[in-house]
Amino acid sequence: MAPIRLAIVGVGKIVRDQHLPAVATDPDFELVATASRHGTVEGIPAFRSIEEMLAAQPGIDAVALCMPPQFRYAAALSALEAGKHVFLEKPPGATISEVEDLKRIAAENGVSLFASWHSRHAPAVGRAKAFLAASPVRSVAVTWKEDVRHWHPNQAWIWEPGGLGVFDPGINALSIVTHILPKPVFLTAATLEFPENRDAPIAAALSFSNAGGLSVEAVFDWRQTGRQSWDIEAETEAGAMRLADGGARLFIDGALAFEAPEREYPTLYRRFAEIIASGASDADIAPLAHVADAFMLGRRKVVEAFHD
Ligand code: NAP
């Protein structure tokens with residue numbers, strides 16, 4: 001079968017770090033164009049806007065939208081209405097209702113919509129899910145603490161409304177939690193800490209529960225220097241599970257139970273090819289719904305100003 005002719009929109013950090021290497025080694029995809037106001041990829045036809053690109057290259061089959069979430073809906077609408085399959089970087093949009101609208105438009109146009117959650121494809125996540133399915137869970141603790149100056153230097157959009165602030169990484173934890181827990185949870189309380197000069201939170205503490213009374217506590221913090229923490233711990237009847245380093249390694253009762261090389265983006269592109277081939281969409285909004293709940297239910301605390 002001929003490869004899927006792919007265009008990438010919003011050429012920035014994640015495109016260079018992950019999309020380009022993943023696409024380059026995937027025989028199901030051929031990168032045929034990019035659209036970005038400034039970014040380009042050597043040797044690939046470059047356009048300044050998605051509209052210009054779609055008009056000039058009608059043979060494009062699919063687009064990967066990698067701009068900040070506040071600008072994703074308009075680009076997705078253009079692509080879906082032009083009959084292209086769409087890969088949405090995480091988070092899939094700035095609001096739940098706009099992502100729901102994209103699902104409807106994709107279905108109407110007979111194309112695939114993929115809301116990608118890269119952390120769900122971290123190496124040990126599948127093992128953690130299998131462990132929790134077999135071991136009744138008593139409680140869960142999520143610790144997602146990183147240094148925003150290191151990971152998001154001078155990214156203005158991330159502090160704007162819709163940029164999600166600390167939920168930009170935190171939603172990765174929520175994408176794993178919603179994937180590995182046998183039953184859904186819902187938010188019961190939250191505190192969001194907003195720097196006095198910013199429109200998005202720098203830290204958040206979240207409590208979740210479910211019909212069975214499970215306790216899930218999550219702490220997200222962008223002010224972490226030194227050791228970075230991306231851990232999900234669960235107390236279960238079969239022992240203590242720790243999914244460490246963003247899903248890279250699984251520990252049971254302190255002993256390493258599984259680790260494997262990281263292949264999140266190659267796996268995402270495999271999944272995108274699979275849903276295109278089967279005519280399906282895959283757009284789970286559960287992680288985004290928890291973030292929306294946090295903004296709805298969360299107590300707001302103003303904290304010291306943040307400067308890059
Ligand atoms: P980024 O480096 O800021 O790149 C995004 C690119 O989008 C920019 O370089 C910009 O390219 C383009 N863009 C289009 N419209 C824009 C606008 N109005 N304002 C700012 N940029 C605009 O961000 P990123 O780190 O790649 O993140 C992009 C998305 O990927 C986010 O949703 C993020 O959550 C997700 N993601 C990031 C990472 C990571 O490690 N950084 C990991 C996984 C997922 P032009 O100026 O050329 O238009």
# chains A, B, ... in the order shown; residues from 1 in each chain; ligands from 1
call {"tool": "residues_near_ligand", "arguments": {"ligand": "ligand 1", "cutoff": "7 Å", "atoms": "only C-alpha atoms and all ligand atoms", "output": "VMD selection string"}}
result
chain A and resid 10 to 15 36 to 39 66 to 69 71 89 to 91 118 151 to 152 155 157 168
call {"tool": "select_by_dssp", "arguments": {"residues": "stretch 69-214 of chain A", "states": "alpha helix (DSSP H)", "output": "number ranges by chain"}}
result
A: 72-81, 96-109, 125-134, 148-151, 167-180
call {"tool": "residues_around", "arguments": {"residues": "A:Phe167", "least_positions_apart": "4", "cutoff": "10 Å", "atoms": "only C-alpha atoms", "output": "list of chain:residue names"}}
result
A:Pro91, A:Trp144, A:Ile158, A:Gly163, A:Ile171, A:Asn172, A:Ala173, A:Leu174, A:Ala200, A:Pro201, A:Ile202, A:Ala203, A:Ala204, A:Phe220, A:Asp221, A:Trp222, A:Leu288, A:Val291, A:Ala294
call {"tool": "closest_atom_pairs", "arguments": {"of": "stretch 147-220 of chain A", "to": "stretch 268-284 of chain A", "cutoff": "12 Å", "atoms": "only C-alpha atoms", "output": "JSON lines"}}
result
{"residue": "A:Leu174", "atom": "CA", "partner": "A:Asp284", "partner_atom": "CA", "distance": 12.0}
{"residue": "A:Ser175", "atom": "CA", "partner": "A:Asp284", "partner_atom": "CA", "distance": 9.3}
{"residue": "A:Thr178", "atom": "CA", "partner": "A:Asp284", "partner_atom": "CA", "distance": 9.9}
{"residue": "A:His179", "atom": "CA", "partner": "A:Asp284", "partner_atom": "CA", "distance": 10.0}
call {"tool": "residues_around", "arguments": {"residues": "A:Ala141", "least_positions_apart": "5", "cutoff": "8 Å", "atoms": "only C-alpha atoms", "output": "list in words"}}
result
Val216, Glu217, Ala218, Ile232, Glu233 and Ala234 of chain A
call {"tool": "closest_residue", "arguments": {"among": "A:Leu77, A:Met1, A:Ala56, A:Val86", "to": "A:Ile105", "atoms": "only C-alpha atoms"}}
result
A:Leu77
call {"tool": "select_by_dssp", "arguments": {"residues": "stretch 252-300 of chain A", "states": "strand (DSSP E or B)", "output": "list in words"}}
result
Ile252, Ala255, Leu256, Ala257, Phe258, Glu259, Asp282, Arg299 and Arg300 of chain A
call {"tool": "write_last_selection", "arguments": {"atoms": "N, CA and C atoms", "output": "compact mmCIF listing (two decimals), in the first residue's frame"}}
result
# COMPACT_ATOMS: atom_id res chain seq x y z
N ILE A 252 7.44 -3.21 41.69
CA ILE A 252 6.46 -3.84 42.57
C ILE A 252 7.17 -4.12 43.90
N ALA A 255 10.90 -3.48 43.95
CA ALA A 255 11.80 -4.18 43.03
C ALA A 255 11.41 -3.88 41.58
N LEU A 256 12.41 -3.64 40.75
CA LEU A 256 12.13 -3.35 39.34
C LEU A 256 11.44 -4.56 38.70
N ALA A 257 10.26 -4.33 38.15
CA ALA A 257 9.51 -5.45 37.54
C ALA A 257 9.53 -5.38 36.02
N PHE A 258 9.68 -4.15 35.48
CA PHE A 258 9.69 -4.04 34.01
C PHE A 258 10.28 -2.70 33.60
N GLU A 259 11.10 -2.74 32.56
CA GLU A 259 11.52 -1.52 31.87
C GLU A 259 11.85 -1.89 30.43
N ASP A 282 -10.14 7.82 17.24
CA ASP A 282 -9.73 7.47 18.60
C ASP A 282 -9.50 8.81 19.30
N ARG A 299 -10.13 25.43 44.12
CA ARG A 299 -9.92 26.66 44.88
C ARG A 299 -8.69 27.34 44.29
N ARG A 300 -8.74 28.65 44.14
CA ARG A 300 -7.61 29.37 43.55
C ARG A 300 -6.79 30.07 44.62
call {"tool": "residues_around", "arguments": {"residues": "A:Ile285", "least_positions_apart": "6", "cutoff": "9 Å", "atoms": "only C-alpha atoms", "output": "list in words"}}
result
Pro91, Pro92, Ile96, Val99, Glu100 and Ala115 of chain A
